[in-house]
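**Student:** Pasting start.cif here (mmCIF, C-alpha atoms):
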data_upload
#
loop_
_atom_site.group_PDB
_atom_site.id
_atom_site.type_symbol
_atom_site.label_atom_id
_atom_site.label_comp_id
_atom_site.auth_asym_id
_atom_site.auth_seq_id
_atom_site.Cartn_x
_atom_site.Cartn_y
_atom_site.Cartn_z
ATOM 1 C CA MET A 944 163.564 123.907 214.851
ATOM 2 C CA ILE A 945 164.737 127.315 215.946
ATOM 3 C CA HIS A 946 162.934 130.331 214.608
ATOM 4 C CA SER A 947 164.533 133.695 214.674
ATOM 5 C CA ARG A 948 163.210 137.005 213.502
ATOM 6 C CA ALA A 949 166.696 138.500 213.647
ATOM 7 C CA VAL A 950 168.155 135.759 211.462
ATOM 8 C CA HIS A 951 165.461 136.260 208.867
ATOM 9 C CA ALA A 952 166.272 139.969 208.914
ATOM 10 C CA TRP A 953 169.846 139.081 207.937
ATOM 11 C CA THR A 954 168.817 137.231 204.886
ATOM 12 C CA ASP A 955 166.263 139.825 203.847
ATOM 13 C CA ARG A 956 168.845 142.561 203.590
ATOM 14 C CA GLY A 957 172.185 143.008 201.954
ATOM 15 C CA SER A 958 173.994 140.317 200.021
ATOM 16 C CA PRO A 959 172.472 136.843 200.020
ATOM 17 C CA PRO A 960 174.178 134.288 202.258
ATOM 18 C CA PRO A 961 176.360 131.723 200.524
ATOM 19 C CA ASP A 962 174.882 128.352 199.599
ATOM 20 C CA ASP A 963 174.920 126.343 202.841
ATOM 21 C CA ALA A 964 175.485 122.856 201.481
ATOM 22 C CA GLY A 965 178.394 123.824 199.237
ATOM 23 C CA LEU A 966 179.984 125.988 201.889
ATOM 24 C CA LEU A 967 179.680 123.311 204.567
ATOM 25 C CA GLU A 968 181.320 120.745 202.355
ATOM 26 C CA ARG A 969 184.248 123.080 201.702
ATOM 27 C CA LEU A 970 184.549 123.994 205.391
ATOM 28 C CA ARG A 971 184.660 120.359 206.400
ATOM 29 C CA ALA A 972 187.377 119.798 203.814
ATOM 30 C CA GLY A 973 189.379 122.584 205.467
ATOM 31 C CA ASP A 974 189.166 124.952 202.471
ATOM 32 C CA GLU A 975 190.825 128.200 203.565
ATOM 33 C CA HIS A 976 188.675 130.340 201.243
ATOM 34 C CA ALA A 977 185.517 128.804 202.647
ATOM 35 C CA PHE A 978 186.544 129.884 206.146
ATOM 36 C CA GLU A 979 187.220 133.383 204.847
ATOM 37 C CA LEU A 980 183.813 133.493 203.181
ATOM 38 C CA LEU A 981 182.098 132.277 206.357
ATOM 39 C CA VAL A 982 183.868 134.809 208.556
ATOM 40 C CA ARG A 983 183.393 137.735 206.152
ATOM 41 C CA THR A 984 179.717 136.916 205.689
ATOM 42 C CA TYR A 985 178.739 136.469 209.301
ATOM 43 C CA THR A 986 181.108 138.376 211.612
ATOM 44 C CA GLY A 987 179.288 141.713 211.324
ATOM 45 C CA ARG A 988 175.918 140.072 211.799
ATOM 46 C CA LEU A 989 177.001 138.070 214.822
ATOM 47 C CA LEU A 990 178.660 141.131 216.293
ATOM 48 C CA ALA A 991 175.336 142.984 216.099
ATOM 49 C CA VAL A 992 173.770 140.112 218.071
ATOM 50 C CA THR A 993 176.419 140.018 220.815
ATOM 51 C CA ARG A 994 176.506 143.823 221.093
ATOM 52 C CA ARG A 995 172.775 143.855 221.757
ATOM 53 C CA LEU A 996 173.101 141.424 224.635
ATOM 54 C CA LEU A 997 176.384 142.531 226.130
ATOM 55 C CA ARG A 998 176.447 146.341 225.771
ATOM 56 C CA ASN A 999 180.247 146.226 225.908
ATOM 57 C CA GLU A 1000 182.279 146.270 222.710
ATOM 58 C CA GLU A 1001 185.215 144.242 223.976
ATOM 59 C CA ASP A 1002 182.985 141.526 225.430
ATOM 60 C CA ALA A 1003 180.869 141.515 222.260
ATOM 61 C CA ARG A 1004 183.949 140.949 220.084
ATOM 62 C CA ASP A 1005 185.268 138.243 222.421
ATOM 63 C CA ALA A 1006 181.905 136.496 222.277
ATOM 64 C CA VAL A 1007 181.899 136.530 218.462
ATOM 65 C CA GLN A 1008 185.377 135.090 218.408
ATOM 66 C CA GLU A 1009 184.397 132.375 220.883
ATOM 67 C CA ALA A 1010 181.284 131.673 218.826
ATOM 68 C CA PHE A 1011 183.291 131.089 215.648
ATOM 69 C CA VAL A 1012 185.825 128.893 217.454
ATOM 70 C CA SER A 1013 182.947 126.877 218.880
ATOM 71 C CA ALA A 1014 181.371 126.651 215.408
ATOM 72 C CA PHE A 1015 184.664 125.521 213.854
ATOM 73 C CA ARG A 1016 184.873 122.727 216.454
ATOM 74 C CA SER A 1017 181.291 121.653 215.828
ATOM 75 C CA LEU A 1018 181.334 121.713 212.026
ATOM 76 C CA ALA A 1019 181.697 117.955 211.743
ATOM 77 C CA GLY A 1020 178.649 117.388 213.919
ATOM 78 C CA PHE A 1021 176.399 120.000 212.300
ATOM 79 C CA GLN A 1022 173.646 118.041 210.607
ATOM 80 C CA GLY A 1023 172.282 120.892 208.509
ATOM 81 C CA SER A 1024 168.843 120.549 210.107
ATOM 82 C CA SER A 1025 168.711 124.338 210.343
ATOM 83 C CA GLN A 1026 170.226 127.025 208.146
ATOM 84 C CA LEU A 1027 173.870 127.826 208.757
ATOM 85 C CA SER A 1028 172.867 131.390 209.704
ATOM 86 C CA THR A 1029 170.391 130.098 212.294
ATOM 87 C CA TRP A 1030 172.971 127.711 213.725
ATOM 88 C CA LEU A 1031 175.589 130.477 213.990
ATOM 89 C CA HIS A 1032 173.051 132.865 215.509
ATOM 90 C CA ARG A 1033 172.301 130.350 218.255
ATOM 91 C CA ILE A 1034 176.001 129.735 218.934
ATOM 92 C CA ALA A 1035 176.625 133.487 219.151
ATOM 93 C CA LEU A 1036 173.743 133.920 221.583
ATOM 94 C CA ASN A 1037 175.152 131.132 223.756
ATOM 95 C CA ALA A 1038 178.600 132.709 223.701
ATOM 96 C CA ALA A 1039 177.103 136.075 224.652
ATOM 97 C CA LEU A 1040 175.108 134.523 227.500
ATOM 98 C CA MET A 1041 178.270 132.838 228.819
ATOM 99 C CA LYS A 1042 180.040 136.176 228.713
ATOM 100 C CA LEU A 1043 177.082 137.904 230.354
ATOM 101 C CA ARG A 1044 177.397 135.560 233.342
ATOM 102 C CA THR A 1045 180.988 136.712 233.876
ATOM 103 C CA GLN A 1046 180.182 140.428 233.675
ATOM 104 C CA ARG A 1047 180.062 142.365 236.935
ATOM 105 C CA ARG A 1048 176.504 142.827 238.086
ATOM 106 C CA ARG A 1049 175.068 146.310 237.712
ATOM 107 C CA PRO A 1050 172.934 147.988 240.334
ATOM 108 C CA GLU A 1051 169.388 147.161 239.283
ATOM 109 C CA GLU A 1052 165.951 148.642 239.751
ATOM 110 C CA SER A 1053 163.471 146.313 241.385
ATOM 111 C CA ILE A 1054 161.152 144.858 238.758
ATOM 112 C CA ASP A 1055 158.287 144.938 241.268
ATOM 113 C CA ASP A 1056 158.425 148.724 241.365
ATOM 114 C CA LEU A 1057 157.793 148.768 237.601
ATOM 115 C CA LEU A 1058 154.721 146.538 237.619
ATOM 116 C CA PRO A 1059 151.141 147.815 237.813
ATOM 117 C CA ARG A 1060 149.515 148.171 241.234
ATOM 118 C CA TYR A 1061 146.058 146.895 242.112
ATOM 119 C CA GLN A 1062 143.407 147.658 244.667
ATOM 120 C CA ASP A 1063 142.259 144.925 247.073
ATOM 121 C CA ASP A 1064 139.447 143.976 244.688
ATOM 122 C CA GLY A 1065 141.933 143.445 241.807
ATOM 123 C CA HIS A 1066 141.166 146.646 239.906
ATOM 124 C CA HIS A 1067 143.926 148.924 238.672
ATOM 125 C CA VAL A 1068 145.056 151.716 240.994
ATOM 126 C CA GLU A 1069 146.139 153.769 237.990
ATOM 127 C CA ARG A 1070 143.970 154.623 234.992
ATOM 128 C CA PHE A 1071 145.592 153.685 231.671
ATOM 129 C CA VAL A 1072 144.842 155.635 228.513
ATOM 130 C CA SER A 1073 146.039 154.477 225.079
ATOM 131 C CA TRP A 1074 149.230 156.114 223.917
ATOM 132 C CA THR A 1075 148.700 158.561 221.117
ATOM 133 C CA ASP A 1076 148.922 157.348 217.511
ATOM 134 C CA ARG A 1077 152.068 159.388 217.218
ATOM 135 C CA ALA A 1078 153.849 156.956 219.557
ATOM 136 C CA ASP A 1079 154.258 154.499 216.708
ATOM 137 C CA ARG A 1080 155.563 157.148 214.331
ATOM 138 C CA ALA A 1081 157.888 158.625 216.962
ATOM 139 C CA LEU A 1082 160.182 155.649 216.545
ATOM 140 C CA GLU A 1083 161.199 156.899 213.138
ATOM 141 C CA ARG A 1084 163.265 159.437 215.043
ATOM 142 C CA ARG A 1085 166.727 158.267 215.998
ATOM 143 C CA GLU A 1086 166.525 159.711 219.514
ATOM 144 C CA THR A 1087 163.357 157.735 220.176
ATOM 145 C CA CYS A 1088 165.096 154.463 219.263
ATOM 146 C CA ALA A 1089 167.897 155.427 221.626
ATOM 147 C CA TYR A 1090 165.370 156.155 224.373
ATOM 148 C CA VAL A 1091 163.676 152.770 223.948
ATOM 149 C CA ARG A 1092 167.062 151.038 224.106
ATOM 150 C CA GLN A 1093 167.958 152.958 227.278
ATOM 151 C CA CYS A 1094 164.711 151.826 228.873
ATOM 152 C CA ILE A 1095 165.436 148.197 227.955
ATOM 153 C CA ASP A 1096 168.908 148.591 229.480
ATOM 154 C CA ARG A 1097 167.314 149.682 232.765
ATOM 155 C CA LEU A 1098 165.567 146.328 233.163
ATOM 156 C CA PRO A 1099 167.126 143.850 235.610
ATOM 157 C CA ASP A 1100 169.515 141.547 233.714
ATOM 158 C CA ALA A 1101 167.438 138.375 234.074
ATOM 159 C CA HIS A 1102 164.431 140.145 232.603
ATOM 160 C CA ARG A 1103 166.338 142.116 229.996
ATOM 161 C CA THR A 1104 167.919 138.909 228.691
ATOM 162 C CA VAL A 1105 164.632 137.069 228.122
ATOM 163 C CA LEU A 1106 163.077 140.161 226.564
ATOM 164 C CA MET A 1107 166.010 140.437 224.156
ATOM 165 C CA LEU A 1108 165.914 136.742 223.268
ATOM 166 C CA ARG A 1109 162.176 136.643 222.737
ATOM 167 C CA ASP A 1110 161.287 140.054 221.287
ATOM 168 C CA ILE A 1111 164.495 141.186 219.609
ATOM 169 C CA GLU A 1112 166.195 137.926 218.618
ATOM 170 C CA GLY A 1113 162.822 136.363 217.878
ATOM 171 C CA MET A 1114 163.417 133.068 219.671
ATOM 172 C CA GLU A 1115 160.633 130.738 220.744
ATOM 173 C CA THR A 1116 159.920 130.106 224.438
ATOM 174 C CA PRO A 1117 161.104 126.439 224.522
ATOM 175 C CA ASP A 1118 164.410 127.392 222.881
ATOM 176 C CA ILE A 1119 164.972 130.202 225.380
ATOM 177 C CA ALA A 1120 164.149 127.856 228.253
ATOM 178 C CA GLU A 1121 166.689 125.320 227.009
ATOM 179 C CA MET A 1122 169.333 127.984 226.484
ATOM 180 C CA LEU A 1123 168.888 129.493 229.953
ATOM 181 C CA GLY A 1124 168.283 126.223 231.785
ATOM 182 C CA ILE A 1125 164.917 127.322 233.169
ATOM 183 C CA SER A 1126 161.373 126.103 232.586
ATOM 184 C CA PRO A 1127 159.248 127.431 229.703
ATOM 185 C CA ASN A 1128 156.820 128.746 232.305
ATOM 186 C CA ALA A 1129 159.599 130.711 234.004
ATOM 187 C CA VAL A 1130 160.506 132.197 230.609
ATOM 188 C CA LYS A 1131 156.912 133.296 230.041
ATOM 189 C CA ILE A 1132 156.692 134.890 233.475
ATOM 190 C CA ARG A 1133 159.938 136.802 232.928
ATOM 191 C CA VAL A 1134 158.954 137.943 229.430
ATOM 192 C CA HIS A 1135 155.610 139.187 230.685
ATOM 193 C CA ARG A 1136 157.120 141.028 233.647
ATOM 194 C CA ALA A 1137 159.863 142.498 231.450
ATOM 195 C CA ARG A 1138 157.319 143.799 228.931
ATOM 196 C CA GLN A 1139 155.199 145.274 231.692
ATOM 197 C CA ALA A 1140 158.213 146.969 233.250
ATOM 198 C CA LEU A 1141 159.275 148.310 229.857
ATOM 199 C CA ARG A 1142 155.776 149.697 229.329
ATOM 200 C CA THR A 1143 156.078 151.542 232.658
ATOM 201 C CA LEU A 1144 159.461 153.013 231.700
ATOM 202 C CA LEU A 1145 158.226 154.108 228.259
ATOM 203 C CA ASP A 1146 154.979 155.584 229.522
ATOM 204 C CA PRO A 1147 156.143 159.128 230.425
ATOM 205 C CA TYR A 1148 157.725 159.529 226.967
ATOM 206 C CA PHE A 1149 155.008 157.994 224.820
ATOM 207 C CA ARG A 1150 152.103 159.484 226.697
ATOM 208 C CA GLY A 1151 153.207 162.702 225.011
ATOM 209 C CA ALA A 1152 154.697 160.842 222.001
ATOM 210 C CA GLY A 1153 158.092 162.324 222.787
ATOM 211 C CA SER A 1154 156.975 165.810 221.932
ATOM 212 C CA MET B 611 151.355 131.553 233.489
ATOM 213 C CA THR B 612 147.956 130.392 234.630
ATOM 214 C CA ASP B 613 145.096 129.684 232.292
ATOM 215 C CA SER B 614 143.078 128.044 235.044
ATOM 216 C CA LEU B 615 140.750 130.913 235.713
ATOM 217 C CA GLN B 616 137.175 130.989 236.705
ATOM 218 C CA THR B 617 135.937 131.869 233.227
ATOM 219 C CA ALA B 618 132.320 131.842 234.287
ATOM 220 C CA ALA B 619 132.960 134.757 236.640
ATOM 221 C CA ALA B 620 134.101 138.175 235.500
ATOM 222 C CA LEU B 621 137.842 138.717 235.442
ATOM 223 C CA SER B 622 139.464 141.363 237.589
ATOM 224 C CA CYS B 623 141.998 143.752 236.045
ATOM 225 C CA ARG B 624 144.778 141.876 237.846
ATOM 226 C CA GLU B 625 143.624 138.565 236.345
ATOM 227 C CA LEU B 626 143.316 140.072 232.881
ATOM 228 C CA VAL B 627 146.825 141.521 232.987
ATOM 229 C CA GLY B 628 148.116 138.105 234.081
ATOM 230 C CA LEU B 629 146.704 136.635 230.879
ATOM 231 C CA ILE B 630 147.964 139.184 228.347
ATOM 232 C CA LEU B 631 150.970 137.154 227.195
ATOM 233 C CA ALA B 632 148.876 134.023 226.654
ATOM 234 C CA TYR B 633 146.200 136.127 224.910
ATOM 235 C CA LEU B 634 148.695 137.629 222.455
ATOM 236 C CA ASP B 635 150.320 134.223 221.884
ATOM 237 C CA LEU B 636 146.867 132.740 221.118
ATOM 238 C CA GLU B 637 147.325 130.252 223.943
ATOM 239 C CA LEU B 638 144.062 130.926 225.823
ATOM 240 C CA SER B 639 141.189 128.474 225.695
ATOM 241 C CA ALA B 640 138.049 129.704 223.938
ATOM 242 C CA ASP B 641 136.327 130.320 227.298
ATOM 243 C CA ALA B 642 139.258 132.206 228.726
ATOM 244 C CA ARG B 643 139.586 134.291 225.578
ATOM 245 C CA ALA B 644 135.893 135.170 225.690
ATOM 246 C CA ALA B 645 136.182 136.200 229.361
ATOM 247 C CA PHE B 646 139.254 138.281 228.516
ATOM 248 C CA GLU B 647 137.457 140.093 225.698
ATOM 249 C CA ARG B 648 134.310 140.609 227.794
ATOM 250 C CA HIS B 649 136.415 142.383 230.399
ATOM 251 C CA LEU B 650 138.016 144.561 227.718
ATOM 252 C CA GLU B 651 134.584 145.637 226.464
ATOM 253 C CA ARG B 652 133.681 147.127 229.833
ATOM 254 C CA CYS B 653 137.083 148.287 231.115
ATOM 255 C CA ALA B 654 138.669 151.157 229.208
ATOM 256 C CA SER B 655 141.696 151.173 231.499
ATOM 257 C CA CYS B 656 142.568 147.546 230.648
ATOM 258 C CA GLY B 657 142.037 148.421 226.966
ATOM 259 C CA GLY B 658 144.547 151.245 227.375
ATOM 260 C CA TYR B 659 146.967 148.964 229.206
ATOM 261 C CA LEU B 660 146.790 146.298 226.500
ATOM 262 C CA GLN B 661 147.397 148.887 223.757
ATOM 263 C CA GLN B 662 150.448 150.216 225.626
ATOM 264 C CA TYR B 663 151.770 146.691 226.241
ATOM 265 C CA ARG B 664 151.449 145.835 222.541
ATOM 266 C CA LEU B 665 153.156 149.057 221.515
ATOM 267 C CA ALA B 666 155.981 148.510 224.001
ATOM 268 C CA VAL B 667 156.702 145.156 222.312
ATOM 269 C CA ALA B 668 156.514 146.667 218.816
ATOM 270 C CA LEU B 669 158.669 149.647 219.787
ATOM 271 C CA SER B 670 161.375 147.486 221.334
ATOM 272 C CA ARG B 671 161.554 145.394 218.147
ATOM 273 C CA ARG B 672 161.819 148.444 215.926
ATOM 274 C CA ALA B 673 164.404 150.112 218.152
ATOM 275 C CA PHE B 674 166.913 147.437 217.098
ATOM 276 C CA ASP B 675 165.949 147.155 213.434
ATOM 277 C CA GLU B 676 168.838 149.274 212.221
ATOM 278 C CA ASP B 677 171.357 146.859 213.739
ATOM 279 C CA ASN B 678 170.860 144.553 210.814
ATOM 280 C CA LEU B 679 171.137 147.261 208.176
ATOM 281 C CA SER B 680 174.768 148.230 208.478
ATOM 282 C CA LEU B 681 177.027 145.357 209.274
ATOM 283 C CA PRO B 682 180.657 146.298 208.737
ATOM 284 C CA ALA B 683 182.861 143.954 210.725
ATOM 285 C CA PRO B 684 186.140 145.218 212.164
ATOM 286 C CA GLY B 685 188.965 143.815 210.028
ATOM 287 C CA GLU B 686 191.111 142.966 213.038
ATOM 288 C CA LEU B 687 188.302 140.866 214.483
ATOM 289 C CA GLU B 688 187.898 138.943 211.223
ATOM 290 C CA ARG B 689 191.633 138.354 211.104
ATOM 291 C CA ALA B 690 191.711 137.174 214.736
ATOM 292 C CA ILE B 691 188.898 134.713 214.028
ATOM 293 C CA LEU B 692 190.548 133.418 210.880
ATOM 294 C CA GLY B 693 193.732 132.956 212.880
ATOM 295 C CA ARG B 694 191.847 130.436 214.995
ATOM 296 C CA ARG B 695 190.377 128.402 212.150
ATOM 297 C CA PRO B 696 191.273 124.711 212.076
ATOM 298 C CA ARG B 697 194.310 123.931 209.924
ATOM 299 C CA ARG B 698 194.784 121.007 207.628
ATOM 300 C CA SER B 699 197.552 118.697 208.822
ATOM 301 C CA ALA B 700 199.826 119.514 205.845
ATOM 302 C CA GLU B 701 199.299 123.211 206.438
ATOM 303 C CA ARG B 702 200.019 122.721 210.115
ATOM 304 C CA ALA B 703 203.265 120.883 209.344
ATOM 305 C CA LYS B 704 204.351 123.754 207.091
ATOM 306 C CA THR B 705 203.923 126.303 209.855
ATOM 307 C CA LEU B 706 205.968 124.268 212.351
#
For this file, produce the structure as structure tokens.
**Tutor:**
Amino acid sequence: MIHSRAVHAWTDRGSPPPDDAGLLERLRAGDEHAFELLVRTYTGRLLAVTRRLLRNEEDARDAVQEAFVSAFRSLAGFQGSSQLSTWLHRIALNAALMKLRTQRRRPEESIDDLLPRYQDDGHHVERFVSWTDRADRALERRETCAYVRQCIDRLPDAHRTVLMLRDIEGMETPDIAEMLGISPNAVKIRVHRARQALRTLLDPYFRGAGS
Amino acid sequence: MTDSLQTAAALSCRELVGLILAYLDLELSADARAAFERHLERCASCGGYLQQYRLAVALSRRAFDEDNLSLPAPGELERAILGRRPRRSAERAKTL
């Protein structure tokens, strides 16, 4: 069973999704209006997903299109064990990951440079002080959201991807491992390193709460 | 991620940081969790690090929240997708 915070966010906001069972039946029968309903309901939502991963509008749109084509082909085999929205979300993520593999690699910062340093006895070199309470509230400002996104974009791709899948798309570790073809332990290591690196990148801003 | 630590001995900061993900995911054994929390009680710097780590996760989630609020899809994209929907055989014959 795939869990997804992002998918739940879809259904919490805006118009309710169409009834899955009825829609599926009509799609399998080739009902033109059912396809229109499916596409009009989910294209914007899937595009938000692929944009987050791909950071390139053309690639994001291509990935959504590929995702729908893949979904159309798989309709007969879809057992309905998960919600239609969850199934489509997963297909869109896969399409975006495929596209990501074809994108030209960007120059990346070394993740090791963004991890904490330790003395020989295992104690921190640096002294960490809690970010001010205002850090949480600072995110209400649009420029702060943009800053956080920029910091996530600075992470090396392999780490950025697992961070996005786990913390933004809300996927569980075993599902991410299956999707990326790596072990669950490797996913956990990457997520942890990505979060630590993100903390380092955010620190100068949130130490002063963006003031 | 290792949970095989020497829980009887005190954790170092490096060991504690290595366990943060498992701690937040509630995957530590009772002994390991107790050792983790004992270290936090006497190490303000690790307390600060954990607070920042938690906030970094929360902030990254909230930074993308608005994505799901406004979801207008480009019409040309919807049309392109619908152009690739499977056709019924009769419909297909008509278009030939």
**Student:** Residues within 9 Å of Asp963 in chain A, please, as a PyMOL selection string. Count all atoms listed in the file; anything in the same chain fewer than 3 positions from it doesn't count.
**Tutor:** chain A and resi 960+966-968+1023+1026-1028
**Student:** Emit the selected residues as an mmCIF file, keeping the file's coordinate frame, including C-alpha atoms.
**Tutor:**
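Contents of the output file again.cif:
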data_model
loop_
_atom_site.group_PDB
_atom_site.id
_atom_site.type_symbol
_atom_site.label_atom_id
_atom_site.label_comp_id
_atom_site.auth_asym_id
_atom_site.auth_seq_id
_atom_site.Cartn_x
_atom_site.Cartn_y
_atom_site.Cartn_z
ATOM 1 C CA PRO A 960 174.178 134.288 202.258
ATOM 2 C CA LEU A 966 179.984 125.988 201.889
ATOM 3 C CA LEU A 967 179.680 123.311 204.567
ATOM 4 C CA GLU A 968 181.320 120.745 202.355
ATOM 5 C CA GLY A 1023 172.282 120.892 208.509
ATOM 6 C CA GLN A 1026 170.226 127.025 208.146
ATOM 7 C CA LEU A 1027 173.870 127.826 208.757
ATOM 8 C CA SER A 1028 172.867 131.390 209.704
#
**Student:** Do me a favour and pick out the residues of chain A within 6 Å of chain B, using only C-alpha atoms, as a list in words.
**Tutor:**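 Taking only C-alpha atoms into account, Thr986, Gly987, Arg988, Gln1008, Gly1065, His1066, Arg1070, Phe1071, Val1072, Ser1073, Cys1088, Ile1111 and Arg1142 of chain A sit within 6 Å of chain B.
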**Student:** Can you tell me how far CA of Leu1057 in chain A sits from CA of Gln1139 in chain A, in Å to one decimal?
**Tutor:** 7.3 Å
**Student:** Can you measure CA of Ile1054 in chain A to CA of Asn1037 in chain A for me? One decimal in Å is fine.
**Tutor:**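 Interatomic distance here is 24.7 Å.
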**Student:** Compute the distance from (160.2, 128.6, 232.3) to each atom, counting all atoms listed in the file, keep the residues with any atom at most 10 Å away, and return them as a PyMOL selection string; use the coordinates of the file.
**Tutor:** (chain A and resi 1116-1117+1119-1121+1123-1134) or (chain B and resi 611)
**Student:** Take every atom of range 962-977 of chain A listed in the file, pad by 6 Å on each side, and give me the axis-aligned box centre and edge lengths in Å, one decimal, as lines of an AutoDock Vina configuration file.
**Tutor:**
center_x = 182.9
center_y = 125.1
center_z = 202.8
size_x = 27.9
size_y = 22.5
size_z = 19.2
**Student:** When distances are computed from only C-alpha atoms, which of A:Leu1108, A:Met1122, A:Leu1058, A:Leu1145 shows the smallest separation from Arg1092 in chain A?
**Tutor:**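 Among A:Leu1108, A:Met1122, A:Leu1058, A:Leu1145, it is A:Leu1145 that comes nearest to Arg1092 in chain A.
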**Student:** Could you work out how far CA of Ala964 in chain A lies from CA of Ser1025 in chain A, giving the answer in Å with one decimal?
**Tutor:**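 CA of Ser1025 in chain A sits 11.3 Å away from CA of Ala964 in chain A.
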**Student:** Could you write out as a PDB file with C-alpha atoms, keeping the file's coordinate frame the residues that the PyMOL selection byres ((chain A and resi 1049-1053) around 10) matches in the shown file?
**Tutor:**
ATOM      1  CA  GLN A1046     180.182 140.428 233.675  1.00  0.00           C
ATOM      2  CA  ARG A1047     180.062 142.365 236.935  1.00  0.00           C
ATOM      3  CA  ARG A1048     176.504 142.827 238.086  1.00  0.00           C
ATOM      4  CA  ILE A1054     161.152 144.858 238.758  1.00  0.00           C
ATOM      5  CA  ASP A1055     158.287 144.938 241.268  1.00  0.00           C
ATOM      6  CA  ASP A1056     158.425 148.724 241.365  1.00  0.00           C
ATOM      7  CA  LEU A1057     157.793 148.768 237.601  1.00  0.00           C
ATOM      8  CA  LEU A1058     154.721 146.538 237.619  1.00  0.00           C
ATOM      9  CA  ASP A1096     168.908 148.591 229.480  1.00  0.00           C
ATOM     10  CA  ARG A1097     167.314 149.682 232.765  1.00  0.00           C
ATOM     11  CA  LEU A1098     165.567 146.328 233.163  1.00  0.00           C
ATOM     12  CA  PRO A1099     167.126 143.850 235.610  1.00  0.00           C
ATOM     13  CA  ASP A1100     169.515 141.547 233.714  1.00  0.00           C
ATOM     14  CA  ALA A1140     158.213 146.969 233.250  1.00  0.00           C
TER      15      ALA A1140
END
**Student:** Go through A:Ala1038, A:Leu970, A:Arg1109, A:Tyr1090 and flag the residue nearest Asp1146 in chain A, using all atoms listed in the file for the distances.
**Tutor:**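 Among A:Ala1038, A:Leu970, A:Arg1109, A:Tyr1090, it is A:Tyr1090 that comes nearest to Asp1146 in chain A.
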